[in-house]
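Below is the file data13.cif, which contains mmCIF, C-alpha atoms.
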data_entry
#
loop_
_atom_site.label_atom_id
_atom_site.label_comp_id
_atom_site.auth_asym_id
_atom_site.auth_seq_id
_atom_site.Cartn_x
_atom_site.Cartn_y
_atom_site.Cartn_z
CA MET A 1 0.00 0.00 0.00
CA THR A 2 2.82 2.39 0.98
CA ASN A 3 4.79 1.43 -2.14
CA GLU A 4 1.71 1.95 -4.26
CA THR A 5 1.17 5.35 -2.72
CA GLY A 6 4.84 6.14 -3.35
CA ALA A 7 4.64 5.20 -7.03
CA LEU A 8 1.34 7.03 -7.31
CA GLY A 9 2.80 10.04 -5.57
CA GLU A 10 5.60 10.25 -8.16
CA GLU A 11 3.09 9.98 -10.99
CA TYR A 12 1.07 12.82 -9.43
CA ILE A 13 4.10 15.03 -8.70
CA ASP A 14 5.45 14.78 -12.29
CA ARG A 15 2.09 15.72 -13.75
CA VAL A 16 1.43 18.53 -11.26
CA ARG A 17 4.89 20.04 -12.04
CA THR A 18 4.24 19.86 -15.79
CA LEU A 19 0.73 21.27 -15.18
CA ALA A 20 2.16 24.27 -13.30
CA GLN A 21 4.72 24.93 -16.08
CA THR A 22 2.02 24.61 -18.77
CA ILE A 23 -0.28 27.09 -16.99
CA GLU A 24 2.64 29.54 -16.52
CA ALA A 25 3.41 29.18 -20.24
CA GLY A 26 -0.28 29.99 -20.94
CA ASP A 27 -0.99 26.69 -22.81
CA SER A 28 -4.60 26.13 -21.65
CA THR A 29 -5.32 23.17 -23.99
CA GLU A 30 -2.35 21.23 -22.63
CA ALA A 31 -3.29 22.24 -19.03
CA ALA A 32 -6.84 20.90 -19.49
CA ARG A 33 -5.47 17.63 -20.89
CA LEU A 34 -3.14 17.21 -17.89
CA LEU A 35 -5.99 17.92 -15.45
CA ASP A 36 -8.11 15.23 -17.16
CA GLU A 37 -5.20 12.82 -16.83
CA LEU A 38 -4.87 13.58 -13.12
CA THR A 39 -8.62 13.07 -12.56
CA SER A 40 -8.67 9.72 -14.33
CA LEU A 41 -5.56 8.65 -12.41
CA ARG A 42 -7.44 9.37 -9.17
CA GLU A 43 -10.59 7.58 -10.37
CA LYS A 44 -8.53 4.56 -11.38
CA THR A 45 -7.12 4.07 -7.88
CA LEU A 46 -10.52 4.62 -6.30
CA PHE A 47 -12.11 2.02 -8.56
CA GLN A 48 -9.28 -0.40 -7.89
CA GLU A 49 -9.80 -0.05 -4.13
CA LEU A 50 -13.58 -0.34 -4.47
CA GLY A 51 -13.17 -3.40 -6.66
CA ARG A 52 -10.91 -5.04 -4.11
CA LEU A 53 -13.37 -4.37 -1.27
CA THR A 54 -16.31 -5.65 -3.32
CA ARG A 55 -14.45 -8.85 -4.16
CA GLU A 56 -13.48 -9.46 -0.54
CA PHE A 57 -16.99 -8.75 0.67
CA HIS A 58 -18.46 -11.06 -1.95
CA GLU A 59 -16.06 -13.85 -1.07
CA ALA A 60 -16.70 -13.45 2.62
CA LEU A 61 -20.46 -13.52 2.15
CA GLN A 62 -20.12 -16.51 -0.14
CA SER A 63 -18.08 -18.41 2.44
CA PHE A 64 -20.65 -17.47 5.05
CA ARG A 65 -23.48 -18.74 2.90
CA LEU A 66 -21.64 -21.96 2.28
CA ASP A 67 -21.06 -22.49 5.98
CA SER A 68 -23.66 -25.18 6.59
CA ARG A 69 -23.22 -24.68 10.32
CA ILE A 70 -25.14 -21.40 10.07
CA ALA A 71 -27.99 -23.13 8.28
CA THR A 72 -28.13 -25.83 10.93
CA LEU A 73 -28.07 -23.22 13.66
CA THR A 74 -31.09 -21.36 12.32
CA SER A 75 -33.14 -24.28 11.05
CA GLN A 76 -32.52 -26.78 13.84
CA GLU A 77 -30.56 -25.63 16.83
CA PHE A 78 -32.55 -22.51 17.67
CA PRO A 79 -35.90 -24.32 17.63
CA ASP A 80 -34.17 -27.11 19.59
CA ALA A 81 -32.89 -24.66 22.18
CA ARG A 82 -36.37 -23.18 22.53
CA GLU A 83 -37.78 -26.66 23.08
CA ARG A 84 -35.05 -27.45 25.61
CA LEU A 85 -35.67 -24.32 27.62
CA ASN A 86 -39.43 -24.94 27.59
CA TYR A 87 -38.67 -28.42 28.85
CA VAL A 88 -36.60 -26.94 31.70
CA VAL A 89 -39.57 -24.78 32.70
CA SER A 90 -41.95 -27.74 32.69
CA MET A 91 -39.47 -29.98 34.56
CA THR A 92 -38.91 -27.43 37.32
CA ALA A 93 -42.67 -26.89 37.61
CA GLN A 94 -43.25 -30.64 37.81
CA SER A 95 -40.63 -30.99 40.51
CA ALA A 96 -42.01 -28.11 42.54
CA ASN A 97 -45.49 -29.63 42.33
CA ARG A 98 -44.26 -33.12 43.33
CA THR A 99 -42.54 -31.59 46.35
CA MET A 100 -45.53 -29.52 47.37
CA THR A 101 -47.95 -32.43 47.00
CA ALA A 102 -45.76 -34.48 49.35
CA VAL A 103 -45.57 -31.59 51.81
CA GLU A 104 -49.32 -30.91 51.65
CA GLU A 105 -49.98 -34.58 52.35
CA SER A 106 -47.50 -34.74 55.26
CA MET A 107 -48.49 -31.55 57.02
CA PRO A 108 -51.90 -32.77 58.31
CA ILE A 109 -50.29 -36.06 59.46
CA CYS A 110 -47.75 -34.13 61.54
CA GLU A 111 -50.46 -31.84 62.91
CA SER A 112 -52.60 -34.81 63.93
CA LEU A 113 -49.64 -36.60 65.57
CA GLU A 114 -48.74 -33.48 67.50
CA GLU A 115 -52.32 -32.91 68.61
CA ARG A 116 -52.85 -36.50 69.80
CA ALA A 117 -49.44 -36.61 71.52
CA THR A 118 -50.18 -33.37 73.38
CA ALA A 119 -53.53 -34.74 74.65
CA LEU A 120 -52.01 -38.08 75.70
CA LYS A 121 -49.06 -36.36 77.39
CA ALA A 122 -51.42 -34.37 79.63
CA GLU A 123 -53.29 -37.53 80.65
CA TRP A 124 -50.05 -39.46 81.10
CA GLY A 125 -48.95 -36.72 83.49
CA ARG A 126 -52.11 -37.25 85.52
CA PHE A 127 -51.41 -40.99 85.60
CA THR A 128 -47.80 -40.59 86.84
CA GLN A 129 -49.08 -38.27 89.56
CA ARG A 130 -51.55 -41.04 90.53
CA LYS A 131 -54.53 -38.77 89.85
CA MET A 132 -56.28 -41.27 87.62
CA SER A 133 -59.05 -43.73 88.37
CA PRO A 134 -58.71 -47.36 87.13
CA ASP A 135 -61.51 -46.76 84.60
CA GLU A 136 -59.80 -43.68 83.25
CA PHE A 137 -56.53 -45.57 83.05
CA ARG A 138 -58.15 -48.36 81.03
CA ASP A 139 -59.40 -45.73 78.60
CA LEU A 140 -55.98 -44.05 78.48
CA SER A 141 -54.26 -47.36 77.89
CA ARG A 142 -56.61 -48.14 74.99
CA ARG A 143 -55.99 -44.69 73.46
CA LEU A 144 -52.22 -45.06 73.92
CA GLY A 145 -52.44 -48.34 72.00
CA ASP A 146 -54.43 -46.62 69.21
CA PHE A 147 -51.88 -43.79 69.09
CA LEU A 148 -48.94 -46.20 68.75
CA ASP A 149 -50.78 -48.04 65.96
CA GLY A 150 -51.33 -44.66 64.30
CA VAL A 151 -47.64 -43.73 64.55
CA ASN A 152 -46.73 -47.12 63.07
CA LYS A 153 -49.05 -46.43 60.16
CA ASP A 154 -48.15 -42.74 59.66
CA ALA A 155 -44.35 -43.06 59.85
CA PRO A 156 -44.02 -45.04 56.57
CA THR A 157 -46.28 -42.47 54.84
CA LEU A 158 -44.08 -39.63 56.10
CA ARG A 159 -40.95 -41.52 55.09
CA ALA A 160 -42.37 -42.12 51.59
CA ASN A 161 -43.29 -38.43 51.26
CA LEU A 162 -39.80 -37.33 52.33
CA GLN A 163 -38.33 -39.77 49.81
CA GLU A 164 -40.58 -38.19 47.18
CA VAL A 165 -39.27 -34.72 48.10
CA LEU A 166 -35.73 -36.04 47.79
CA MET A 167 -36.35 -37.63 44.41
CA ALA A 168 -38.07 -34.52 43.08
CA GLN A 169 -34.74 -32.69 43.35
CA ASP A 170 -33.34 -34.67 40.40
CA PHE A 171 -34.49 -31.82 38.16
CA GLN A 172 -31.43 -29.77 39.14
CA ASP A 173 -29.02 -32.19 37.50
CA LEU A 174 -31.18 -32.69 34.41
CA THR A 175 -32.09 -29.07 33.80
CA GLY A 176 -28.48 -28.08 34.53
CA GLN A 177 -27.26 -30.29 31.69
CA ILE A 178 -29.87 -28.93 29.30
CA ILE A 179 -29.06 -25.33 30.17
CA HIS A 180 -25.34 -26.03 29.65
CA ARG A 181 -26.10 -27.16 26.09
CA VAL A 182 -28.05 -24.01 25.39
CA VAL A 183 -25.20 -21.91 26.78
CA GLN A 184 -22.81 -23.68 24.37
CA LEU A 185 -25.12 -22.81 21.49
CA VAL A 186 -25.26 -19.17 22.54
CA ASP A 187 -21.43 -19.13 22.67
CA GLU A 188 -21.24 -20.45 19.13
CA VAL A 189 -23.79 -17.97 17.80
CA GLU A 190 -21.88 -15.17 19.50
CA SER A 191 -18.59 -16.07 17.78
CA ASN A 192 -20.37 -16.38 14.41
CA LEU A 193 -21.92 -12.95 14.87
CA VAL A 194 -18.55 -11.48 15.78
CA ASP A 195 -17.16 -12.93 12.50
CA LEU A 196 -20.03 -11.41 10.54
CA VAL A 197 -19.53 -8.00 12.11
CA ARG A 198 -15.79 -8.20 11.38
CA ILE A 199 -16.37 -9.06 7.71
CA SER A 200 -19.12 -6.56 7.00
CA GLY A 201 -17.46 -3.83 9.04
CA GLN A 202 -14.21 -3.92 7.00
CA GLY A 203 -13.46 -0.64 5.21
CA LEU A 204 -16.20 1.09 7.08
CA VAL A 205 -15.61 3.63 9.81
CA ALA A 206 -16.63 1.92 13.00
CA GLU A 207 -19.44 3.95 14.46
CA ARG A 208 -19.61 4.18 18.19
CA PRO A 209 -22.77 2.35 19.14
CA GLU A 210 -25.23 4.63 20.82
CA GLU A 211 -25.29 3.91 24.53
CA LYS A 212 -28.50 2.09 25.32
CA LYS A 213 -30.31 3.78 28.13
CA GLU A 214 -31.51 1.16 30.56
CA ASP A 215 -35.01 1.39 31.97
CA ARG A 216 -34.22 0.82 35.62
CA ILE A 217 -37.86 0.36 36.58
CA ALA A 218 -38.72 -2.31 33.99
CA ALA A 219 -39.00 -5.83 35.37
CA SER A 220 -35.90 -7.92 34.65
CA GLY A 221 -36.32 -11.03 36.78
CA PRO A 222 -33.98 -12.32 39.49
CA PRO A 223 -30.65 -10.46 39.58
CA VAL A 224 -27.68 -12.50 38.32
CA PRO A 225 -24.51 -11.98 40.40
CA GLY A 226 -21.82 -10.18 38.42
CA VAL A 227 -24.27 -9.09 35.71
CA ASP A 228 -26.88 -6.92 37.39
CA THR A 229 -25.86 -3.89 39.41
CA GLY A 230 -27.65 -1.51 41.72
CA THR A 231 -29.66 -4.27 43.34
CA VAL A 232 -30.16 -4.83 47.04
CA ALA A 233 -28.46 -7.86 48.59
CA GLY A 234 -31.52 -9.25 50.36
CA GLN A 235 -34.56 -8.61 52.50
CA ASP A 236 -32.58 -6.70 55.17
CA GLU A 237 -31.42 -4.14 52.62
CA VAL A 238 -34.96 -3.81 51.26
CA ASP A 239 -36.16 -3.11 54.80
CA ASP A 240 -33.36 -0.58 55.39
CA LEU A 241 -34.11 1.20 52.11
CA LEU A 242 -37.84 1.35 52.84
CA SER A 243 -37.32 2.55 56.41
CA SER A 244 -35.03 5.29 55.08
CA LEU A 245 -38.03 6.34 52.97
CA GLY A 246 -40.18 6.55 56.08
CA PHE A 247 -41.79 3.12 55.90
CA MET B 1 -55.45 -10.09 63.30
CA ASN B 2 -58.56 -11.37 61.51
CA LYS B 3 -57.60 -14.66 59.87
CA ASN B 4 -60.76 -14.88 57.80
CA ILE B 5 -59.90 -12.02 55.49
CA LYS B 6 -60.02 -12.73 51.77
CA ILE B 7 -56.59 -12.59 50.11
CA LEU B 8 -55.78 -12.48 46.40
CA ILE B 9 -52.45 -14.05 45.34
CA VAL B 10 -51.16 -12.85 41.95
CA ASP B 11 -48.17 -14.54 40.30
CA ASP B 12 -47.66 -15.92 36.79
CA PHE B 13 -45.99 -19.07 38.17
CA SER B 14 -48.52 -21.49 39.62
CA THR B 15 -45.81 -23.06 41.80
CA MET B 16 -45.11 -19.71 43.50
CA ARG B 17 -48.85 -19.16 44.00
CA ARG B 18 -49.01 -22.60 45.59
CA ILE B 19 -46.07 -21.84 47.90
CA ILE B 20 -47.60 -18.54 49.04
CA LYS B 21 -51.00 -20.20 49.47
CA ASN B 22 -49.46 -22.93 51.64
CA LEU B 23 -47.49 -20.43 53.74
CA LEU B 24 -50.61 -18.30 54.26
CA ARG B 25 -52.60 -21.37 55.24
CA ASP B 26 -49.88 -22.25 57.74
CA LEU B 27 -50.31 -18.79 59.23
CA GLY B 28 -54.04 -19.42 59.49
CA PHE B 29 -55.24 -17.55 56.40
CA THR B 30 -57.32 -20.02 54.44
CA ASN B 31 -59.57 -17.69 52.44
CA THR B 32 -57.40 -17.17 49.36
CA ALA B 33 -57.92 -16.83 45.62
CA GLU B 34 -55.40 -16.77 42.77
CA ALA B 35 -54.78 -14.83 39.55
CA ASP B 36 -51.92 -15.14 37.07
CA ASP B 37 -51.42 -11.47 36.17
CA GLY B 38 -52.76 -7.96 36.68
CA VAL B 39 -55.27 -8.20 33.86
CA THR B 40 -57.05 -11.13 35.54
CA ALA B 41 -56.50 -9.79 39.05
CA LEU B 42 -58.01 -6.31 38.64
CA PRO B 43 -61.60 -7.37 37.83
CA MET B 44 -61.42 -9.96 40.64
CA LEU B 45 -60.37 -7.22 43.07
CA GLN B 46 -63.09 -4.86 41.82
CA SER B 47 -65.85 -7.39 42.43
CA GLY B 48 -64.50 -9.62 45.16
CA ASN B 49 -64.26 -7.85 48.57
CA PHE B 50 -60.59 -8.72 48.99
CA GLU B 51 -58.85 -7.33 52.05
CA LEU B 52 -55.24 -8.02 51.02
CA LEU B 53 -53.39 -8.27 47.72
CA VAL B 54 -50.15 -10.26 47.47
CA THR B 55 -48.59 -9.70 44.05
CA ASP B 56 -45.51 -10.49 42.01
CA TRP B 57 -43.94 -7.73 39.84
CA ASN B 58 -42.71 -9.42 36.67
CA MET B 59 -45.72 -10.92 34.88
CA PRO B 60 -46.89 -11.00 31.27
CA GLY B 61 -49.97 -8.91 30.53
CA MET B 62 -50.25 -6.43 33.36
CA GLN B 63 -47.25 -6.21 35.66
CA GLY B 64 -47.47 -6.00 39.43
CA ILE B 65 -46.35 -2.36 39.60
CA ASP B 66 -49.10 -1.39 37.14
CA LEU B 67 -51.62 -3.42 39.11
CA LEU B 68 -50.54 -1.54 42.24
CA ARG B 69 -50.99 1.80 40.45
CA ALA B 70 -54.40 0.71 39.12
CA VAL B 71 -55.48 -0.31 42.63
CA ARG B 72 -54.40 3.04 44.10
CA ALA B 73 -56.18 4.89 41.27
CA ASP B 74 -59.49 3.07 41.87
CA PRO B 75 -61.47 4.89 44.60
CA LYS B 76 -63.05 1.60 45.75
CA LEU B 77 -59.69 -0.17 46.07
CA ALA B 78 -57.36 2.71 46.96
CA SER B 79 -56.93 1.67 50.60
CA LEU B 80 -56.41 -2.06 49.90
CA PRO B 81 -53.15 -3.25 51.51
CA VAL B 82 -50.71 -4.49 48.87
CA LEU B 83 -47.75 -6.76 49.62
CA MET B 84 -45.28 -7.19 46.79
CA VAL B 85 -43.40 -10.50 46.63
CA THR B 86 -40.89 -10.34 43.79
CA ALA B 87 -37.41 -11.16 42.49
CA GLU B 88 -37.08 -7.54 41.29
CA GLN B 89 -34.58 -5.92 43.59
CA LYS B 90 -33.09 -2.85 41.97
CA LYS B 91 -33.09 0.09 44.36
CA GLU B 92 -34.96 2.21 41.82
CA GLN B 93 -37.70 -0.42 41.63
CA ILE B 94 -38.16 -0.60 45.39
CA ILE B 95 -38.33 3.20 45.56
CA GLU B 96 -40.83 3.20 42.68
CA ALA B 97 -43.03 0.66 44.46
CA ALA B 98 -42.86 2.75 47.65
CA LYS B 99 -43.88 5.85 45.67
CA ALA B 100 -46.77 3.92 44.11
CA GLY B 101 -48.00 3.12 47.62
CA VAL B 102 -46.94 -0.45 48.34
CA ASN B 103 -47.50 -1.60 51.94
CA GLY B 104 -44.75 -4.22 52.06
CA TYR B 105 -41.96 -5.46 49.79
CA ILE B 106 -40.53 -9.00 50.01
CA VAL B 107 -37.72 -10.17 47.73
CA LYS B 108 -37.57 -13.76 46.46
CA PRO B 109 -36.33 -16.17 47.64
CA PHE B 110 -38.04 -15.48 50.95
CA THR B 111 -38.80 -17.39 54.15
CA ALA B 112 -42.05 -18.15 55.96
CA ALA B 113 -40.79 -15.95 58.82
CA THR B 114 -40.36 -12.93 56.50
CA LEU B 115 -43.89 -13.34 55.13
CA LYS B 116 -45.29 -13.57 58.66
CA GLU B 117 -43.35 -10.51 59.82
CA LYS B 118 -44.43 -8.33 56.88
CA LEU B 119 -48.08 -9.38 57.18
CA GLU B 120 -48.08 -8.59 60.90
CA LYS B 121 -46.56 -5.20 60.20
CA ILE B 122 -49.20 -4.40 57.58
CA PHE B 123 -52.07 -5.39 59.91
CA GLU B 124 -50.53 -3.53 62.87
CA ARG B 125 -50.50 -0.33 60.81
CA ILE B 126 -54.09 -0.82 59.66
CA GLU B 127 -55.24 -1.37 63.22
CA SER B 128 -53.31 1.60 64.61
CA SER B 129 -54.65 3.88 61.88
CA GLN B 130 -58.25 2.92 62.58
#
Here is a file; write its structure as structure tokens.
Amino acid sequence: MTNETGALGEEYIDRVRTLAQTIEAGDSTEAARLLDELTSLREKTLFQELGRLTREFHEALQSFRLDSRIATLTSQEFPDARERLNYVVSMTAQSANRTMTAVEESMPICESLEERATALKAEWGRFTQRKMSPDEFRDLSRRLGDFLDGVNKDAPTLRANLQEVLMAQDFQDLTGQIIHRVVQLVDEVESNLVDLVRISGQGLVAERPEEKKEDRIAASGPPVPGVDTGTVAGQDEVDDLLSSLGF
Amino acid sequence: MNKNIKILIVDDFSTMRRIIKNLLRDLGFTNTAEADDGVTALPMLQSGNFELLVTDWNMPGMQGIDLLRAVRADPKLASLPVLMVTAEQKKEQIIEAAKAGVNGYIVKPFTAATLKEKLEKIFERIESSQ
């Protein structure tokens, strides 16, 4: 490029010198001819440069079009990724519901055990303090037997429900793997986009992208550490902020 | 605290509605109804004699902050206590919710104890203002 400019420069300088001499000599026909020559010389280099850029751009686009990976990405992998993420949503929902069903089933069992144990404990206290008649004791003894039968029956149900809660956590592993695959896809798309920007941006003056003004009030979901800024660190900070506002 | 009050739970995720419903039931509040966004919630509030609104922020359709504004703008609902339970935790958002007249703000993930504390605070204020 520098050599070219050098050679070009000499061509220009020679002609410009001759042009100056011709004008001084008053030869306007020759001066006009030299000016035309200079103009066409300039056009020639411009066209050469434009031609080179066009060819490079064409080749780059051609190679991009031929890259079957791009076609696969758009026709298969994006719809796939959408499906995968939808699957993650349904799996996490399923797991949350399994867990909550087990909890909802266990809660009344625990409440009933606690209630019956509290009642029996009070009566057992009366028995140990010898404040109970033989008839009452017979009744207490029968109810104690019923209670123990109940515990024997309820414990396996509680154990099965806890097991269910445990098993419902398997979604973390499965959804984690699916999300990893989607992240890989996003990485690949990003590097392809960077390539495209590099190719199409060649020879153009890089314009400074306009700074996007963020709408700080718009909902953006849970904050991701290291990505989102200006968020509070938890409930305590929310409370502090609100109390500073007079809440 | 009157445990028979009617409470509307608004969240686009049915699992979160279920969690809140269970926590409220544990605290003794059994009279609850559910809606999945502001658009469904608003007519329910206008016709349903609700005494507390528990709402998420980020929902399709009408968002929680807009639901809060709509509630405050409706003369019949203006004094309804609103508890926001959300993952939105930018300072600007919390300030915005406070300006819009929220009565309590809980960030997800939250605990049963936090929900209890905020509810008690809301009811204390209502009682002391009466």
- Task: Run the PyMOL selection byres ((chain A) within 12 of (chain B)) against the file shown and list the residues it catches, as a PyMOL selection string.
- Result: chain A and resi 89-101+103-105+107-108+111+214-224+228-247
### Query
Written as a list in words, what is the full residue list that the PyMOL selection byres ((chain B and resi 116) around 12) yields on the file shown?
Met1, Ile20, Leu23, Leu24, Arg25, Asp26, Leu27, Gly28, Phe29, Leu83, Gly104, Ile106, Phe110, Thr111, Ala112, Ala113, Thr114, Leu115, Glu117, Lys118, Leu119, Glu120, Lys121, Ile122 and Phe123 of chain B
Worksheet entry | Non-local contacts of segment 44-55 of chain B (6 Å; all atoms listed in the file; under 3 positions in same chain excluded) as a list in words |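 With the cut-off at 6 Å, the set is Ile5, Lys6, Ile7, Leu8, Ile9, Val10, Ala41, Pro81, Val82, Leu83, Met84 and Val85 of chain B.
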Worksheet item: Once the PyMOL selection byres ((chain A and resi 157) around 12) has been applied to the shown file, what residues remain in the selection, as an MDAnalysis selection string?
Response: chainID A and resid 102:103 105:110 150:156 158:164
Serialized selection, C-alpha atoms, as a tab-separated table (two decimals), in the coordinates of the input:
chain	number	residue	atom	x	y	z
A	102	ALA	CA	-45.76	-34.48	49.35
A	103	VAL	CA	-45.57	-31.59	51.81
A	105	GLU	CA	-49.98	-34.58	52.35
A	106	SER	CA	-47.50	-34.74	55.26
A	107	MET	CA	-48.49	-31.55	57.02
A	108	PRO	CA	-51.90	-32.77	58.31
A	109	ILE	CA	-50.29	-36.06	59.46
A	110	CYS	CA	-47.75	-34.13	61.54
A	150	GLY	CA	-51.33	-44.66	64.30
A	151	VAL	CA	-47.64	-43.73	64.55
A	152	ASN	CA	-46.73	-47.12	63.07
A	153	LYS	CA	-49.05	-46.43	60.16
A	154	ASP	CA	-48.15	-42.74	59.66
A	155	ALA	CA	-44.35	-43.06	59.85
A	156	PRO	CA	-44.02	-45.04	56.57
A	158	LEU	CA	-44.08	-39.63	56.10
A	159	ARG	CA	-40.95	-41.52	55.09
A	160	ALA	CA	-42.37	-42.12	51.59
A	161	ASN	CA	-43.29	-38.43	51.26
A	162	LEU	CA	-39.80	-37.33	52.33
A	163	GLN	CA	-38.33	-39.77	49.81
A	164	GLU	CA	-40.58	-38.19	47.18
* To do: Excluding Val182 of chain A and residues on its chain fewer than 6 positions from it, collect all residues at most 8 Å away from it, counting all atoms listed in the file, and give them as an MDAnalysis selection string.
  => chainID A and resid 81 84:85
Exercise: Pro60 of chain B partners within 10 Å, all atoms listed in the file, chain neighbours under 6 positions left out, as a PyMOL selection string
chain B and resi 11-12+36-39
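Distances from B:Ala33, B:Met62, B:Ile126, B:Leu42 to Ser79 of chain B were compared using all atoms listed in the file, and the smallest one belongs to B:Ile126.
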Query - Coordinates-based distance that separates atom CA of Arg55 of chain A from atom CA of Arg42 of chain A (Å, one decimal) - result: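 So the answer is 20.2 Å.
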